[in-house]
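Novice: Just one file: entry_10.cif, with mmCIF, C-alpha atoms.
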```
data_data
loop_
_atom_site.label_atom_id
_atom_site.label_comp_id
_atom_site.auth_asym_id
_atom_site.auth_seq_id
_atom_site.Cartn_x
_atom_site.Cartn_y
_atom_site.Cartn_z
CA MET X 1 -45.15 -34.26 -10.37
CA GLN X 2 -43.00 -33.50 -13.36
CA GLY X 3 -43.89 -29.84 -12.99
CA SER X 4 -42.84 -29.71 -9.37
CA LEU X 5 -39.67 -31.64 -10.18
CA SER X 6 -38.63 -29.18 -12.87
CA GLY X 7 -39.59 -26.41 -10.47
CA LEU X 8 -37.31 -27.92 -7.86
CA MET X 9 -34.52 -28.26 -10.42
CA ALA X 10 -34.96 -24.63 -11.40
CA VAL X 11 -34.75 -23.59 -7.75
CA SER X 12 -31.62 -25.67 -7.14
CA CYS X 13 -30.03 -24.26 -10.32
CA VAL X 14 -30.66 -20.80 -9.03
CA LEU X 15 -29.16 -21.84 -5.68
CA VAL X 16 -26.10 -23.27 -7.44
CA LEU X 17 -25.81 -20.12 -9.51
CA LEU X 18 -26.08 -17.98 -6.40
CA ALA X 19 -23.47 -20.07 -4.65
CA GLY X 20 -21.33 -19.91 -7.79
CA CYS X 21 -21.61 -16.16 -7.94
CA ALA X 22 -20.95 -15.46 -4.28
CA PRO X 23 -17.34 -14.41 -3.89
CA ARG X 24 -15.17 -16.79 -1.90
CA PRO X 25 -12.26 -14.63 -0.97
CA THR X 26 -8.92 -16.43 -0.86
CA VAL X 27 -5.87 -15.08 0.95
CA ILE X 28 -2.37 -16.52 0.37
CA LEU X 29 0.79 -15.50 2.23
CA VAL X 30 3.92 -15.29 0.04
CA PRO X 31 7.51 -14.18 0.73
CA ASP X 32 8.45 -10.50 0.46
CA PRO X 33 10.85 -9.53 -2.34
CA ASP X 34 13.72 -9.84 0.18
CA GLY X 35 12.67 -13.40 1.03
CA ARG X 36 11.21 -12.67 4.46
CA VAL X 37 7.78 -14.02 5.35
CA GLY X 38 5.47 -11.95 7.54
CA LYS X 39 2.11 -12.86 9.02
CA ALA X 40 -1.50 -12.19 8.14
CA GLU X 41 -4.65 -12.86 10.07
CA VAL X 42 -7.99 -13.29 8.30
CA THR X 43 -11.00 -12.61 10.51
CA THR X 44 -14.75 -13.06 10.02
CA ALA X 45 -17.52 -12.76 12.59
CA GLY X 46 -17.10 -16.54 13.01
CA GLY X 47 -13.39 -16.63 13.80
CA SER X 48 -9.81 -16.02 12.67
CA ARG X 49 -7.01 -17.87 10.89
CA LEU X 50 -3.36 -16.91 11.10
CA LEU X 51 -1.12 -17.39 8.07
CA GLU X 52 2.56 -17.51 9.05
CA LYS X 53 4.42 -19.67 6.53
CA ALA X 54 5.05 -19.06 2.84
CA GLY X 55 2.30 -20.51 0.66
CA GLU X 56 -0.27 -20.84 3.42
CA MET X 57 -3.82 -19.96 2.42
CA THR X 58 -7.31 -19.67 3.83
CA GLN X 59 -10.72 -19.11 2.24
CA VAL X 60 -13.74 -17.16 3.43
CA SER X 61 -17.13 -18.74 2.81
CA GLY X 62 -19.53 -16.44 4.60
CA PRO X 63 -19.80 -13.75 7.24
CA SER X 64 -20.47 -16.07 10.19
CA GLU X 65 -18.29 -19.03 9.16
CA PRO X 66 -14.70 -19.06 10.38
CA PRO X 67 -12.21 -18.91 7.49
CA SER X 68 -11.21 -22.37 6.22
CA PRO X 69 -8.43 -24.27 8.00
CA VAL X 70 -4.99 -23.15 6.82
CA ALA X 71 -3.72 -25.17 3.85
CA ILE X 72 -0.85 -24.87 1.39
CA ALA X 73 -1.86 -23.16 -1.85
CA ASP X 74 -1.39 -25.12 -5.06
CA PRO X 75 1.28 -23.38 -7.20
CA GLY X 76 -0.82 -24.11 -10.29
CA TYR X 77 -3.78 -22.27 -8.74
CA ILE X 78 -1.52 -19.34 -7.88
CA SER X 79 -0.14 -18.99 -11.40
CA ARG X 80 -3.59 -19.44 -13.03
CA THR X 81 -5.32 -16.97 -10.75
CA PHE X 82 -2.70 -14.30 -10.23
CA ALA X 83 -0.71 -14.30 -13.51
CA GLU X 84 -2.07 -10.92 -14.67
CA ALA X 85 -1.82 -9.19 -11.29
CA LEU X 86 1.73 -10.51 -10.77
CA ALA X 87 2.72 -9.36 -14.27
CA VAL X 88 1.99 -5.71 -13.40
CA GLU X 89 3.66 -5.71 -9.99
CA PRO X 90 5.56 -2.43 -9.74
CA LEU X 91 9.36 -2.88 -9.95
CA PRO X 92 10.88 -3.05 -6.49
CA ALA X 93 11.85 0.42 -5.37
CA GLU X 94 15.47 1.55 -5.36
CA LYS X 95 16.48 3.28 -2.15
CA PHE X 96 19.32 5.76 -1.72
CA ILE X 97 20.55 7.30 1.51
CA LEU X 98 22.29 10.65 1.83
CA TYR X 99 23.99 11.53 5.13
CA PHE X 100 24.30 14.95 6.74
CA GLU X 101 26.63 16.84 9.05
CA THR X 102 25.23 17.13 12.54
CA GLY X 103 22.45 19.69 13.02
CA THR X 104 22.64 20.95 9.42
CA THR X 105 21.42 20.47 5.87
CA VAL X 106 25.02 20.02 4.69
CA LEU X 107 25.78 16.70 3.00
CA VAL X 108 28.77 14.74 4.27
CA PRO X 109 31.46 14.59 1.54
CA GLN X 110 30.88 10.88 0.84
CA SER X 111 27.21 11.53 0.02
CA ARG X 112 27.73 14.26 -2.58
CA SER X 113 28.15 11.84 -5.48
CA THR X 114 24.99 9.95 -4.52
CA VAL X 115 22.83 12.68 -6.05
CA GLY X 116 24.18 11.77 -9.50
CA THR X 117 23.45 8.10 -8.86
CA ILE X 118 19.86 8.96 -7.92
CA ILE X 119 19.38 11.05 -11.07
CA ALA X 120 20.71 8.17 -13.19
CA ALA X 121 18.25 5.74 -11.57
CA ILE X 122 15.33 8.13 -12.11
CA ARG X 123 16.19 8.39 -15.82
CA ARG X 124 16.90 4.67 -16.31
CA ARG X 125 13.60 3.61 -14.76
CA ALA X 126 11.55 6.49 -16.22
CA ALA X 127 10.53 6.85 -12.58
CA VAL X 128 6.91 7.66 -11.86
CA SER X 129 7.28 8.67 -8.24
CA ILE X 130 10.15 9.70 -6.01
CA ASN X 131 9.66 9.80 -2.23
CA VAL X 132 12.08 11.96 -0.28
CA SER X 133 12.03 11.50 3.50
CA GLY X 134 14.09 13.43 6.01
CA HIS X 135 15.44 12.01 9.29
CA THR X 136 17.56 13.11 12.23
CA ASP X 137 19.41 11.45 15.07
CA ALA X 138 18.09 11.61 18.64
CA VAL X 139 19.95 14.77 19.71
CA GLY X 140 17.60 17.68 20.36
CA SER X 141 13.88 18.20 20.83
CA ASP X 142 11.13 16.64 18.73
CA LEU X 143 10.20 20.06 17.41
CA VAL X 144 13.71 20.97 16.26
CA ASN X 145 14.22 17.56 14.68
CA GLU X 146 10.90 17.61 12.86
CA LYS X 147 11.92 20.84 11.17
CA LEU X 148 15.53 19.76 10.55
CA ALA X 149 14.35 16.51 8.96
CA ARG X 150 11.96 18.43 6.71
CA ASP X 151 14.66 20.98 5.77
CA ARG X 152 17.01 18.12 4.82
CA ALA X 153 14.33 16.51 2.66
CA GLU X 154 13.48 19.84 0.97
CA PHE X 155 17.20 20.44 0.36
CA VAL X 156 17.50 17.11 -1.47
CA LYS X 157 14.29 17.76 -3.38
CA ASP X 158 15.75 21.09 -4.60
CA LEU X 159 18.98 19.35 -5.67
CA LEU X 160 16.95 16.88 -7.74
CA ILE X 161 14.84 19.66 -9.28
CA LYS X 162 18.06 21.48 -10.28
CA ASP X 163 19.08 18.32 -12.10
CA GLY X 164 15.84 18.27 -14.05
CA VAL X 165 13.57 16.00 -12.01
CA ASP X 166 9.89 17.00 -12.32
CA PRO X 167 8.73 18.26 -8.89
CA VAL X 168 5.26 16.84 -9.57
CA ARG X 169 6.78 13.37 -9.33
CA MET X 170 8.20 13.99 -5.86
CA THR X 171 6.68 13.71 -2.43
CA VAL X 172 8.45 14.93 0.69
CA SER X 173 7.96 13.80 4.27
CA SER X 174 9.63 14.46 7.60
CA HIS X 175 10.13 11.67 10.10
CA GLY X 176 11.98 13.79 12.66
CA LYS X 177 13.86 11.41 14.93
CA GLY X 178 11.01 8.89 14.88
CA ASN X 179 12.32 6.41 12.32
CA PRO X 180 16.04 5.87 12.97
CA LEU X 181 18.18 3.55 10.86
CA VAL X 182 20.14 2.68 14.01
CA PRO X 183 17.87 2.80 17.08
CA THR X 184 19.51 4.68 19.97
CA PRO X 185 18.43 6.04 23.34
CA ASP X 186 17.17 9.64 23.23
CA GLY X 187 19.94 12.24 23.10
CA VAL X 188 22.50 9.99 21.36
CA ALA X 189 24.31 11.33 18.28
CA GLU X 190 24.35 8.77 15.48
CA PRO X 191 25.69 9.79 12.04
CA LYS X 192 23.75 7.00 10.28
CA ASN X 193 20.46 8.49 11.47
CA ARG X 194 21.19 11.99 10.11
CA ARG X 195 19.93 11.24 6.66
CA VAL X 196 17.55 11.65 3.76
CA GLU X 197 16.18 8.56 2.10
CA VAL X 198 15.20 8.78 -1.54
CA VAL X 199 12.98 5.99 -2.79
CA VAL X 200 12.61 5.80 -6.56
CA HIS X 201 9.64 3.98 -8.08
CA MET Z 1 -19.42 1.49 17.89
CA LYS Z 2 -15.80 2.15 18.64
CA ILE Z 3 -15.05 1.88 14.93
CA THR Z 4 -17.88 4.26 14.06
CA VAL Z 5 -16.56 6.83 16.51
CA ALA Z 6 -13.04 6.42 15.14
CA VAL Z 7 -14.20 6.82 11.55
CA LEU Z 8 -16.38 9.77 12.47
CA SER Z 9 -13.61 11.56 14.34
CA LEU Z 10 -11.25 10.86 11.46
CA LEU Z 11 -13.79 12.35 9.03
CA LEU Z 12 -14.21 15.41 11.22
CA PHE Z 13 -10.50 15.73 11.66
CA THR Z 14 -9.62 15.44 7.99
CA ALA Z 15 -12.56 17.58 6.91
CA ALA Z 16 -11.62 20.46 9.18
CA PRO Z 17 -8.68 21.92 7.22
CA GLY Z 18 -10.92 22.22 4.15
CA GLN Z 19 -10.35 21.11 0.58
CA ALA Z 20 -6.57 20.99 0.67
CA LEU Z 21 -6.39 17.54 2.24
CA ALA Z 22 -9.00 16.11 -0.09
CA ALA Z 23 -6.72 16.70 -3.05
CA GLU Z 24 -3.61 15.27 -1.41
CA VAL Z 25 -1.75 12.84 -3.62
CA ILE Z 26 -1.45 9.51 -1.82
CA GLY Z 27 0.23 7.54 -4.58
CA HIS Z 28 0.55 6.87 -8.29
CA ILE Z 29 -0.41 4.33 -10.91
CA GLN Z 30 2.93 2.72 -11.81
CA THR Z 31 2.01 0.03 -14.31
CA LEU Z 32 -0.89 -0.54 -16.65
CA GLN Z 33 -2.06 -3.13 -19.16
CA GLY Z 34 -5.35 -2.94 -21.04
CA THR Z 35 -7.96 -0.66 -19.53
CA ALA Z 36 -8.53 0.78 -16.09
CA SER Z 37 -10.42 3.70 -14.62
CA ILE Z 38 -10.81 5.59 -11.36
CA LEU Z 39 -14.14 6.56 -9.85
CA ARG Z 40 -13.55 9.69 -7.75
CA GLY Z 41 -16.79 10.96 -6.30
CA ASP Z 42 -19.01 11.28 -9.37
CA LEU Z 43 -16.10 11.56 -11.77
CA LEU Z 44 -14.96 8.65 -13.87
CA LEU Z 45 -11.31 9.26 -14.75
CA PRO Z 46 -9.10 7.45 -17.23
CA VAL Z 47 -5.97 5.80 -15.88
CA ALA Z 48 -2.48 6.19 -17.31
CA ILE Z 49 0.97 5.43 -15.95
CA GLY Z 50 1.72 8.28 -13.55
CA THR Z 51 -1.94 9.02 -12.70
CA GLU Z 52 -2.12 10.46 -9.18
CA LEU Z 53 -4.27 8.75 -6.59
CA GLN Z 54 -6.37 10.36 -3.89
CA CYS Z 55 -7.99 9.07 -0.75
CA GLY Z 56 -11.42 7.66 -1.57
CA ASP Z 57 -10.51 6.58 -5.10
CA LEU Z 58 -12.15 3.46 -6.48
CA ILE Z 59 -9.84 1.82 -9.00
CA ARG Z 60 -11.31 -0.57 -11.55
CA THR Z 61 -9.63 -2.66 -14.19
CA GLY Z 62 -11.31 -3.93 -17.35
CA SER Z 63 -10.92 -7.21 -19.13
CA PRO Z 64 -8.27 -7.39 -20.36
CA GLY Z 65 -6.84 -5.01 -17.83
CA ALA Z 66 -4.33 -4.89 -15.00
CA ALA Z 67 -2.69 -2.09 -13.06
CA GLY Z 68 -0.12 -1.60 -10.33
CA LEU Z 69 -0.01 1.28 -7.86
CA VAL Z 70 2.38 2.47 -5.18
CA LEU Z 71 1.28 4.67 -2.28
CA THR Z 72 3.56 7.30 -0.75
CA ASP Z 73 4.48 4.97 2.14
CA GLU Z 74 5.67 2.35 -0.45
CA THR Z 75 2.65 0.11 -0.09
CA ALA Z 76 2.28 -1.58 -3.49
CA ILE Z 77 -0.96 -3.10 -4.74
CA SER Z 78 -1.52 -4.60 -8.15
CA LEU Z 79 -4.88 -5.52 -9.64
CA GLY Z 80 -5.62 -8.28 -12.15
CA PRO Z 81 -8.47 -8.07 -14.68
CA ASP Z 82 -12.07 -7.25 -13.65
CA SER Z 83 -10.90 -6.01 -10.29
CA GLU Z 84 -12.10 -3.25 -8.02
CA LEU Z 85 -10.12 -1.67 -5.18
CA SER Z 86 -11.31 1.10 -2.89
CA LEU Z 87 -8.75 3.25 -1.08
CA ASN Z 88 -10.98 4.18 1.85
CA GLU Z 89 -8.54 5.70 4.32
CA TYR Z 90 -4.96 6.78 4.06
CA VAL Z 91 -2.94 8.79 6.53
CA PHE Z 92 0.84 8.84 6.31
CA ALA Z 93 2.16 11.54 8.63
CA PRO Z 94 5.24 10.00 10.23
CA GLU Z 95 6.34 13.30 11.82
CA GLU Z 96 3.09 13.29 13.82
CA GLY Z 97 3.10 9.53 14.30
CA LYS Z 98 -0.21 9.26 12.43
CA PHE Z 99 -0.79 6.30 10.18
CA SER Z 100 -3.78 4.63 8.64
CA LEU Z 101 -4.45 2.48 5.61
CA VAL Z 102 -7.86 0.99 4.97
CA ALA Z 103 -8.38 -0.57 1.56
CA ARG Z 104 -11.31 -2.65 0.37
CA MET Z 105 -10.85 -5.37 -2.22
CA VAL Z 106 -14.31 -5.58 -3.74
CA ARG Z 107 -13.71 -8.13 -6.49
CA GLY Z 108 -10.93 -9.50 -8.64
CA THR Z 109 -7.33 -10.50 -7.97
CA PHE Z 110 -4.69 -8.56 -6.05
CA VAL Z 111 -1.07 -8.60 -4.98
CA TYR Z 112 -0.48 -6.61 -1.80
CA LEU Z 113 2.97 -5.64 -0.50
CA SER Z 114 3.27 -3.79 2.82
CA GLY Z 115 4.87 -0.38 2.91
CA LEU Z 116 6.08 1.82 5.75
CA ILE Z 117 2.69 2.02 7.47
CA GLY Z 118 2.79 -1.76 7.67
CA LYS Z 119 6.25 -1.54 9.17
CA LEU Z 120 5.81 1.41 11.56
CA ALA Z 121 2.19 0.84 12.61
CA PRO Z 122 1.05 -2.60 11.46
CA ASN Z 123 -2.16 -2.43 13.49
CA LYS Z 124 -3.22 0.60 11.44
CA VAL Z 125 -3.40 -1.42 8.23
CA GLN Z 126 -6.68 -3.06 7.44
CA LEU Z 127 -7.57 -4.82 4.23
CA ALA Z 128 -11.25 -5.55 3.83
CA ILE Z 129 -12.55 -8.38 1.64
CA PRO Z 130 -16.18 -9.54 1.46
CA ASP Z 131 -17.23 -10.97 4.87
CA ALA Z 132 -13.73 -10.65 6.37
CA THR Z 133 -10.84 -8.38 7.24
CA ILE Z 134 -7.14 -9.08 6.96
CA SER Z 135 -4.63 -7.73 9.44
CA VAL Z 136 -1.09 -7.76 8.16
CA ARG Z 137 2.31 -8.00 9.82
CA GLY Z 138 4.72 -6.62 7.22
CA THR Z 139 4.25 -8.91 4.30
CA LYS Z 140 3.13 -9.83 0.84
CA LEU Z 141 -0.24 -11.39 0.09
CA LEU Z 142 -2.14 -12.74 -2.88
CA ILE Z 143 -5.85 -12.07 -2.55
CA ALA Z 144 -8.60 -13.37 -4.84
CA VAL Z 145 -12.22 -12.23 -4.54
CA GLN Z 146 -13.84 -14.40 -7.14
CA PRO Z 147 -16.72 -16.84 -7.50
#
```
Do you think you could lay out the structure here as structure tokens?
Specialist:
Amino acid sequence: MQGSLSGLMAVSCVLVLLAGCAPRPTVILVPDPDGRVGKAEVTTAGGSRLLEKAGEMTQVSGPSEPPSPVAIADPGYISRTFAEALAVEPLPAEKFILYFETGTTVLVPQSRSTVGTIIAAIRRRAAVSINVSGHTDAVGSDLVNEKLARDRAEFVKDLLIKDGVDPVRMTVSSHGKGNPLVPTPDGVAEPKNRRVEVVVH
Amino acid sequence: MKITVAVLSLLLFTAAPGQALAAEVIGHIQTLQGTASILRGDLLLPVAIGTELQCGDLIRTGSPGAAGLVLTDETAISLGPDSELSLNEYVFAPEEGKFSLVARMVRGTFVYLSGLIGKLAPNKVQLAIPDATISVRGTKLLIAVQP
């Protein structure tokens, strides 16, 4: 009797240990750096939960169980659990925008001094990565704008290299007319969309 | 099945141009405390601030250890101690309208902040955690995969 009891206890200990070891993923929605709150949906084979307010959380307790009902996360739990990960959050990026004359890789006069500002930010932050993305307005074909946007981005990259920025740190992309700052119908000239964005991390 | 076909066609597609794409830099380690490493294929690489990341990298932090990374689309993910993150899929080709980010949080603690893929093509972002997936609409999340 005693033997089977201790056997039972051993089995239940193992079960507890197993349960204790199984990960119970927790997902908590928090505000973006700019204060906005997005949405996140957590889905298992058993169902989904939608998080849509700051501080809302849900937990997963198995592949076929739906995630737990949405609750508000305890701030103490958040600081205990995420202190280290939050401490190494990369600094928010700094974004700079340079504007161009229509159809060219020529900077508008007001944007010429921005290059110096970008260089200063790169030095101050000891920047690890610099993303340079080129954009156009909606005048012209996709093909022409893809190339123009890339040429603008490469032009800015070259300016930064001339000022001593390590090219290895830079990535360049072309968005063509696909990612306008000011959405317009196709064919509309919009100076604010003729731009290069430089994001410094 | 649909997913398998999608993954397969993606593999075929990305494999076709040869080795060049495999070595594409998709982001950088930005912050580091304690120890961390990257498993890339069979190679175990040390991590430093500025270390370049590639698609397929498995990033691990020690204890103590914590690291923050930023991908080229501005997605930022930081890892607490004893954490493991797999960057399974990453496509950021805005000029072709192609986007994909699939990351697996295997264990540990994470802070996730959406980047441009999350903004331009939110349905192309998928975060996998044990037994579940998270779809994200432009936001910041805290994720713990712990006992």
Novice: Report as a list in words all protein, DNA and RNA residues lying within 10 Å of Z:Ala144, evaluated on all atoms listed in the file, omitting residues in the same chain fewer than 2 positions from it.
Specialist: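 Result of the neighbour search: Pro23, Arg24, Pro25, Thr26, Val27, Ile28, Gln59, Ile78, Thr81 and Phe82 of chain X; Leu79, Gly80, Ser83, Met105, Val106, Arg107, Gly108, Thr109, Phe110, Val111, Ile129, Leu141, Leu142, Gln146 and Pro147 of chain Z.
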Novice: Between atom CA of X:Val88 and atom CA of Z:Gly68, what distance in Å does the model show, to one decimal?
Specialist: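 Distance between the two atoms: 5.5 Å.
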Novice: Applied to this file, what does the PyMOL selection byres ((chain Z) within 8 of (chain X)) return in terms of residues, put as a PyMOL selection string?
Specialist: chain Z and resi 28+30-33+49-50+66-70+72+76-81+93-95+97+107+109-111+113+129-147
Novice: Quick check, in Å to one decimal: how far apart do atom CA of Z:Ser114 and atom CA of Z:Asp73 lie?
Specialist: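 Separation of atom CA of Z:Ser114 and atom CA of Z:Asp73: 8.9 Å.
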Novice: Mind listing whatever residues come within 10 Å of the point (-8.9, 3.0, 6.3)? Use all atoms listed in the file, file coordinates, and give them as an MDAnalysis selection string.
Specialist: chainID Z and resid 7 10 55:56 86:91 99:104 124:128
Novice: Which residue is closest to X:Leu98? Choose from X:Asp34, X:Tyr77, X:Pro180, X:Arg152 and count only C-alpha atoms.
Specialist: X:Arg152
Novice: List the residues selected by the PyMOL selection byres ((chain X and resi 117) around 12) in the file shown, writing them as a PDB file with C-alpha atoms, keeping the file's coordinate frame.
Specialist:
```
ATOM      1  CA  GLU X  94      15.470   1.550  -5.360  1.00  0.00           C
ATOM      2  CA  LYS X  95      16.480   3.280  -2.150  1.00  0.00           C
ATOM      3  CA  PHE X  96      19.320   5.760  -1.720  1.00  0.00           C
ATOM      4  CA  ILE X  97      20.550   7.300   1.510  1.00  0.00           C
ATOM      5  CA  LEU X  98      22.290  10.650   1.830  1.00  0.00           C
ATOM      6  CA  SER X 111      27.210  11.530   0.020  1.00  0.00           C
ATOM      7  CA  ARG X 112      27.730  14.260  -2.580  1.00  0.00           C
ATOM      8  CA  SER X 113      28.150  11.840  -5.480  1.00  0.00           C
ATOM      9  CA  THR X 114      24.990   9.950  -4.520  1.00  0.00           C
ATOM     10  CA  VAL X 115      22.830  12.680  -6.050  1.00  0.00           C
ATOM     11  CA  GLY X 116      24.180  11.770  -9.500  1.00  0.00           C
ATOM     12  CA  ILE X 118      19.860   8.960  -7.920  1.00  0.00           C
ATOM     13  CA  ILE X 119      19.380  11.050 -11.070  1.00  0.00           C
ATOM     14  CA  ALA X 120      20.710   8.170 -13.190  1.00  0.00           C
ATOM     15  CA  ALA X 121      18.250   5.740 -11.570  1.00  0.00           C
ATOM     16  CA  ILE X 122      15.330   8.130 -12.110  1.00  0.00           C
ATOM     17  CA  ARG X 123      16.190   8.390 -15.820  1.00  0.00           C
ATOM     18  CA  ARG X 124      16.900   4.670 -16.310  1.00  0.00           C
ATOM     19  CA  LEU X 160      16.950  16.880  -7.740  1.00  0.00           C
ATOM     20  CA  ASP X 163      19.080  18.320 -12.100  1.00  0.00           C
ATOM     21  CA  VAL X 198      15.200   8.780  -1.540  1.00  0.00           C
ATOM     22  CA  VAL X 200      12.610   5.800  -6.560  1.00  0.00           C
TER      23      VAL X 200
END
```
Novice: Enter the distance from atom CA of Z:Glu96 to atom CA of Z:Asp57, in Å, rounded to one decimal.
Specialist: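 That distance, rounded to one decimal, is 24.2 Å.
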Novice: Would you mind telling me which residue in Z:Gln54, Z:Glu74, Z:Arg60, Z:Tyr112 lies nearest to Z:Glu24 when using all atoms listed in the file?
Specialist: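 Of Z:Gln54, Z:Glu74, Z:Arg60, Z:Tyr112, the one nearest Z:Glu24, counting all atoms listed in the file, is Z:Gln54.
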